[in-house]
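Engineer: What follows is a structure written as structure tokens; I'll ask about it next.
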Amino acid sequence: MARKVSTQRKLVMSAIAWTLGIVIFFPILWTFLTSFKTEGEAVATPPSLFFFHWTTENYAEVQSRSDYFLHFMNSVTISLGSTILGLLIAIPAAWAMAFAPTKRTKDVLMWMLSTKMMPPVGALIPIYLLFRDGGLLDTRIGLVSVLTLINLPIIVWMLYTYFKEIPGEILEAARMDGASLAKEIIYVLTPMAVPGIASTLLLNVILAWNEAFWTLNLTTSNAAPLTAFIASYSSPEGLFYAKLSAASTMAIAPILILGWFSQKQLVRGLTFGAVK
Amino acid sequence: MATTHTRSAARLMMAPSVILLFAWMIVPLAMTIYFSLLRYNLLMPGTEEFAGIMNYQFFLTDPAFFDALSNTLILVGGVLAITIIGGIAFALLLDQPIFGQGIVRILVIAPFFVMPTVSALVWKNMFMNPVNGLFGWLARAMGFQPIDFLASVPLLSVIIIVSWQWLPFATLIMLTALQSLDEEQKEAAEMDGAGFVSRFIYIVLPHMARAITVVILIETIFLLSVFAEILVTTNGGPGTQSTNLTYLVYAQALLQFDIGGASAGGIVAVVLANIVAIFLVRLIGKNLEG
């Protein structure tokens, strides 16, 4: 039964919600707008919201002065690379835990979760020294391996919660029909699991893209993804607001769009299935 | 039914994940513990020697440690308070019938997807800068003296920035929980004459209890390790006013090159996080059964 809501009440609520929503979103909007201003207009008083001379020169400038594209590609490589590697390792594990659970499965899952809770500073020093000695500092391969490991528990957990929803009877039916384990995985499980795998991929790309502890500590220039690249604007270049805004807009736009598609998975993935 | 065959196959399939995670957990931790017992400075290579608990003594009696500990607690507590209360309020609002609900939802969720270094720098320069920031302009327009946020209230500034990033997460979780609330139950209560406040206290809040606990615990895990926001805004300063434990360990290791002392700090941080983690694992373990 749908409840009747007076139009007046709906209008008031809408006004409040929209105002608050715009306030929360404003820093992003402001960054976006500032990226199209000249440096002079970016700090002009009073600031103008829309009525300024729109220009795209900041974007060209950011690219030409700092090789933005390199850092962008580093972010792509590192986030996609660590996620795909993580999926390859996690899919068999999650499959096993969902379809052939033992008494210890729950404990293993809990233990995996607990590794996620180790604060990164507990591992920073040895990892930094190992990377230094192994020539892995400021390399994409080094970051991919660390990010794979820190997101592996989340990947396993997310896949596990999705796989658990696939009815086991279907697998048994396939087995009765004589399907081998490999066939079962390829022809029966995979098509049903693809949505869950895709959601997991999406959420982990977002997490890896925005990861800002290891990326800041383990890279300097060559392998620096956008998180570290933007950090280099902290001074004194950060005072060039228009360029800072252009670099920031480019860094967050792709993930913002992906993120909007992944709201539901976000809740599920980050709460380890406790809230659905 | 699981046969012996599938069981050993299952074990094989789990092995890579389990072994990798085990190594990831044990090796760095063991090395950190080992380093924490050494006198070890990167600027003086070759002079490492066993130092017992000296590093812990220094770290735990360093005034900077107490500052960092209290800053960490204030930061976590402050952000939690803001995001939980704000998140519940936003969720209640977004659960109402409103025009363009989907779009408002998207606007509110957006900050969560902004990388920490971007949000920190945008807030630092374009909002909190006393000369060119928007807040400074607003203050002057209203006839006040602008505040130099990062210099005069550094920890509060960091709390504002981090809260902005985490409010969407809290809102999203609360909203998800709220939307699973049985509509008929609310209606029944309404017909029985329950007002908004009593409906909130007796029906909505108990229903959201699990979501609230989950938000508190998961945010705590992440908030204990806030780093980038401090690095690009205040560098922990002025003095140690906005240094948290994570930043203190980082500074000791990679700015002062004191590997021994930093490792002791790292272990202290691990112990702290574990106390929180025990609660989280219990909670989620319970939910897993249900």
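Numbering starts fresh at 1 for the residues of each chain in the structure tokens, the chains themselves are lettered A, B, ... in the order given, and ligands are numbered from 1 as they appear.
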Please provide as an MDAnalysis selection string all residues within 12 Å of region 147-151 of chain A, with the sequence filter that same-chain residues fewer than 5 positions apart are discarded (counting only C-alpha atoms).
Structural biologist: (chainID A and resid 75 77:90 112:120 123 140:142 156:158 200:201 203:215 218 269:270) or (chainID B and resid 16:25)
Engineer: Using only C-alpha atoms, which protein or nucleic acid residues come within 10 Å of region 258-272 of chain B? Drop anything in the same chain fewer than 3 positions from it, and give the result as a ChimeraX atom specification.
Structural biologist: /A:117-126,129 /B:29,31-44,48,50-51,53-60,65,69,224-225,245-246,248-255,275-277
Engineer: May I have the selected residues written with N, CA and C atoms, as a compact mmCIF listing (two decimals), in the first residue's frame?
Structural biologist:
# COMPACT_ATOMS: atom_id res chain seq x y z
N MET A 117 42.84 -5.82 8.82
CA MET A 117 42.81 -4.86 9.90
C MET A 117 44.18 -4.48 10.43
N MET A 118 45.19 -5.14 9.92
CA MET A 118 46.52 -4.74 10.35
C MET A 118 46.81 -3.35 9.77
N PRO A 119 47.13 -2.39 10.64
CA PRO A 119 47.38 -1.05 10.10
C PRO A 119 48.62 -1.06 9.21
N PRO A 120 48.57 -0.33 8.11
CA PRO A 120 49.69 -0.36 7.17
C PRO A 120 51.02 0.05 7.79
N VAL A 121 51.01 0.89 8.83
CA VAL A 121 52.31 1.27 9.42
C VAL A 121 53.01 0.08 10.05
N GLY A 122 52.24 -0.97 10.38
CA GLY A 122 52.87 -2.16 10.94
C GLY A 122 53.75 -2.88 9.94
N ALA A 123 53.46 -2.65 8.65
CA ALA A 123 54.22 -3.33 7.61
C ALA A 123 55.09 -2.37 6.80
N LEU A 124 54.87 -1.07 7.01
CA LEU A 124 55.55 -0.08 6.17
C LEU A 124 57.06 -0.24 6.14
N ILE A 125 57.66 -0.38 7.32
CA ILE A 125 59.12 -0.33 7.39
C ILE A 125 59.78 -1.53 6.70
N PRO A 126 59.38 -2.75 7.06
CA PRO A 126 59.98 -3.88 6.33
C PRO A 126 59.70 -3.86 4.83
N LEU A 129 61.96 -1.33 3.22
CA LEU A 129 63.36 -1.78 3.15
C LEU A 129 63.53 -2.91 2.15
N LEU B 29 55.24 -8.36 9.79
CA LEU B 29 55.04 -8.18 11.22
C LEU B 29 56.25 -8.69 12.00
N MET B 31 59.26 -8.97 10.90
CA MET B 31 60.39 -8.07 10.66
C MET B 31 60.25 -6.78 11.47
N THR B 32 59.02 -6.28 11.54
CA THR B 32 58.82 -5.05 12.32
C THR B 32 59.16 -5.29 13.79
N ILE B 33 58.71 -6.43 14.31
CA ILE B 33 59.04 -6.74 15.71
C ILE B 33 60.55 -6.84 15.88
N TYR B 34 61.19 -7.50 14.93
CA TYR B 34 62.66 -7.65 15.00
C TYR B 34 63.34 -6.27 14.98
N PHE B 35 62.95 -5.45 14.01
CA PHE B 35 63.55 -4.10 13.92
C PHE B 35 63.32 -3.29 15.19
N SER B 36 62.13 -3.52 15.79
CA SER B 36 61.78 -2.69 16.95
C SER B 36 62.70 -3.00 18.13
N LEU B 37 63.42 -4.12 18.05
CA LEU B 37 64.33 -4.47 19.15
C LEU B 37 65.77 -4.07 18.84
N LEU B 38 65.96 -3.38 17.71
CA LEU B 38 67.31 -2.98 17.31
C LEU B 38 67.52 -1.48 17.44
N ARG B 39 68.76 -1.12 17.65
CA ARG B 39 69.13 0.27 17.43
C ARG B 39 69.52 0.34 15.95
N TYR B 40 68.70 0.99 15.15
CA TYR B 40 68.87 0.86 13.71
C TYR B 40 68.48 2.18 13.06
N ASN B 41 69.48 2.89 12.56
CA ASN B 41 69.21 4.15 11.86
C ASN B 41 69.76 4.08 10.46
N LEU B 42 68.95 4.46 9.47
CA LEU B 42 69.36 4.35 8.08
C LEU B 42 70.54 5.27 7.76
N LEU B 43 70.71 6.32 8.55
CA LEU B 43 71.82 7.24 8.29
C LEU B 43 73.15 6.69 8.80
N MET B 44 73.06 5.69 9.69
CA MET B 44 74.29 5.09 10.21
C MET B 44 74.30 3.60 9.91
N GLU B 48 73.89 -1.38 13.44
CA GLU B 48 72.73 -1.99 14.10
C GLU B 48 73.20 -2.86 15.25
N PHE B 50 71.54 -4.97 19.02
CA PHE B 50 70.37 -5.31 19.80
C PHE B 50 70.15 -4.27 20.89
N ALA B 51 68.93 -3.84 21.03
CA ALA B 51 68.68 -2.77 21.99
C ALA B 51 67.58 -3.11 22.98
N ILE B 53 64.21 -3.45 24.81
CA ILE B 53 62.98 -2.68 24.69
C ILE B 53 63.22 -1.18 24.71
N MET B 54 64.47 -0.80 24.46
CA MET B 54 64.80 0.63 24.49
C MET B 54 63.91 1.46 23.58
N ASN B 55 63.69 0.96 22.35
CA ASN B 55 62.86 1.72 21.41
C ASN B 55 61.45 1.96 21.94
N TYR B 56 60.92 0.91 22.59
CA TYR B 56 59.57 1.05 23.15
C TYR B 56 59.58 2.07 24.27
N GLN B 57 60.63 2.01 25.09
CA GLN B 57 60.71 2.98 26.18
C GLN B 57 60.73 4.40 25.64
N PHE B 58 61.56 4.62 24.61
CA PHE B 58 61.64 5.95 24.03
C PHE B 58 60.32 6.36 23.40
N PHE B 59 59.76 5.43 22.62
CA PHE B 59 58.54 5.77 21.89
C PHE B 59 57.38 6.07 22.84
N LEU B 60 57.25 5.20 23.86
CA LEU B 60 56.09 5.33 24.74
C LEU B 60 56.22 6.47 25.74
N PHE B 65 54.31 10.94 21.28
CA PHE B 65 53.45 9.76 21.27
C PHE B 65 52.10 10.06 21.90
N LEU B 69 48.68 9.90 20.06
CA LEU B 69 47.63 9.00 20.53
C LEU B 69 46.32 9.77 20.72
N LEU B 224 41.87 4.91 11.78
CA LEU B 224 43.09 4.76 12.57
C LEU B 224 44.32 4.99 11.69
N SER B 225 44.15 4.78 10.38
CA SER B 225 45.30 4.86 9.47
C SER B 225 45.23 6.06 8.53
N LEU B 245 49.04 8.60 14.95
CA LEU B 245 50.03 7.53 15.12
C LEU B 245 50.66 7.12 13.78
N THR B 246 49.80 6.96 12.77
CA THR B 246 50.31 6.56 11.46
C THR B 246 51.34 7.56 10.95
N LEU B 248 53.07 9.70 12.70
CA LEU B 248 54.24 9.73 13.58
C LEU B 248 55.23 8.62 13.19
N VAL B 249 54.70 7.43 12.94
CA VAL B 249 55.56 6.31 12.55
C VAL B 249 56.22 6.60 11.20
N TYR B 250 55.42 7.11 10.27
CA TYR B 250 55.96 7.47 8.96
C TYR B 250 57.10 8.48 9.11
N ALA B 251 56.86 9.52 9.91
CA ALA B 251 57.86 10.57 10.06
C ALA B 251 59.14 10.03 10.69
N GLN B 252 58.96 9.16 11.69
CA GLN B 252 60.13 8.61 12.36
C GLN B 252 60.96 7.72 11.41
N ALA B 253 60.25 6.98 10.56
CA ALA B 253 60.96 6.05 9.68
C ALA B 253 61.54 6.75 8.47
N LEU B 254 60.70 7.48 7.73
CA LEU B 254 61.13 7.95 6.42
C LEU B 254 61.60 9.40 6.42
N LEU B 255 61.41 10.11 7.53
CA LEU B 255 61.96 11.46 7.60
C LEU B 255 63.16 11.53 8.55
N ILE B 275 42.87 -4.31 19.05
CA ILE B 275 41.83 -4.20 20.06
C ILE B 275 40.50 -3.89 19.36
N VAL B 276 40.56 -2.98 18.37
CA VAL B 276 39.35 -2.66 17.62
C VAL B 276 38.91 -3.86 16.78
N ALA B 277 39.89 -4.51 16.18
CA ALA B 277 39.58 -5.59 15.24
C ALA B 277 38.85 -6.75 15.91
Engineer: Just the number, please: distance in Å from CA of Phe72 (chain A) to CA of Thr55 (chain A), one decimal.
Structural biologist: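 Pair CA of Phe72 (chain A) / CA of Thr55 (chain A) returns 22.0 Å.
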Engineer: Neighbouring residues of region 133-148 of chain B were defined as those with any atom within 9 Å, considering only C-alpha atoms; residues of the same chain fewer than 3 positions away were excluded. Please report them as a PyMOL selection string.
Structural biologist: (chain A and resi 43+45-47) or (chain B and resi 123-130+151-153)
Engineer: Could you write those residues out with C-alpha atoms, as a PDB file, in the first residue's frame?
Structural biologist:
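Dumped everything to part_8.pdb:
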ATOM      1  CA  VAL A  43      41.324  33.588  -7.075  1.00  0.00           C
ATOM      2  CA  THR A  45      36.926  38.208  -5.482  1.00  0.00           C
ATOM      3  CA  PRO A  46      34.066  37.908  -5.517  1.00  0.00           C
ATOM      4  CA  PRO A  47      34.408  34.423  -6.970  1.00  0.00           C
TER       5      PRO A  47
ATOM      6  CA  TRP B 123      39.905  21.724   0.864  1.00  0.00           C
ATOM      7  CA  LYS B 124      43.285  23.049   1.929  1.00  0.00           C
ATOM      8  CA  ASN B 125      43.794  25.484  -0.918  1.00  0.00           C
ATOM      9  CA  MET B 126      40.443  26.365  -2.356  1.00  0.00           C
ATOM     10  CA  PHE B 127      38.388  26.442   0.831  1.00  0.00           C
ATOM     11  CA  MET B 128      40.568  26.769   3.929  1.00  0.00           C
ATOM     12  CA  ASN B 129      43.281  29.074   2.604  1.00  0.00           C
ATOM     13  CA  PRO B 130      42.738  32.350   4.505  1.00  0.00           C
ATOM     14  CA  ALA B 151      47.514  26.852  11.235  1.00  0.00           C
ATOM     15  CA  SER B 152      45.083  27.640  14.042  1.00  0.00           C
ATOM     16  CA  VAL B 153      42.810  24.569  14.113  1.00  0.00           C
TER      17      VAL B 153
END
Engineer: Can you work out the spacing between CA of Pro63 (chain B) and CA of Gln241 (chain B) in Å, to one decimal?
Structural biologist: 11.6 Å
Engineer: If we count only C-alpha atoms, what is near Asp138 (chain A) at a cut-off of 8 Å, once residues fewer than 4 positions away on the same chain are taken out, given as a list in words?
Structural biologist: Gly142, Leu143, Leu218, Thr219, Thr220, Ser221, Asn222, Ala223 and Ala224 of chain A
Engineer: Can you write just those residues out, C-alpha atoms, as a compact mmCIF listing (two decimals), in the first residue's frame?
Structural biologist:
# COMPACT_ATOMS: atom_id res chain seq x y z
CA GLY A 142 55.96 -3.48 -6.71
CA LEU A 143 52.79 -1.48 -6.19
CA LEU A 218 56.50 3.47 -2.30
CA THR A 219 56.66 5.71 -5.36
CA THR A 220 58.44 8.91 -6.24
CA SER A 221 58.06 9.67 -9.93
CA ASN A 222 58.23 6.92 -12.54
CA ALA A 223 55.57 4.64 -11.12
CA ALA A 224 53.64 7.34 -9.28
Engineer: As an exercise, work out the distance from CA of Asn132 (chain B) to CA of Thr38 (chain A) in Å and give it to one decimal place.
Structural biologist: 14.3 Å
Engineer: Neighbouring residues of region 247-260 of chain A were defined as those with any atom within 10 Å, considering only C-alpha atoms; residues of the same chain fewer than 6 positions away were excluded. Please report them as a VMD selection string.
Structural biologist: (chain A and resid 28 to 29 31 to 35 58 to 59 61 to 63 68 71 to 72 75 202 to 203 205 to 207 209 to 210 225 to 227 229 to 230 233 241 266) or (chain B and resid 105 to 107 109 to 115 117 to 119 121 to 122)
Engineer: Just checking: using only C-alpha atoms, which residue out of A:Leu70, A:Ala60, A:Leu49, A:Met110 ends up closest to chain B?
Structural biologist: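 Among the listed residues, A:Met110 lies closest to chain B.
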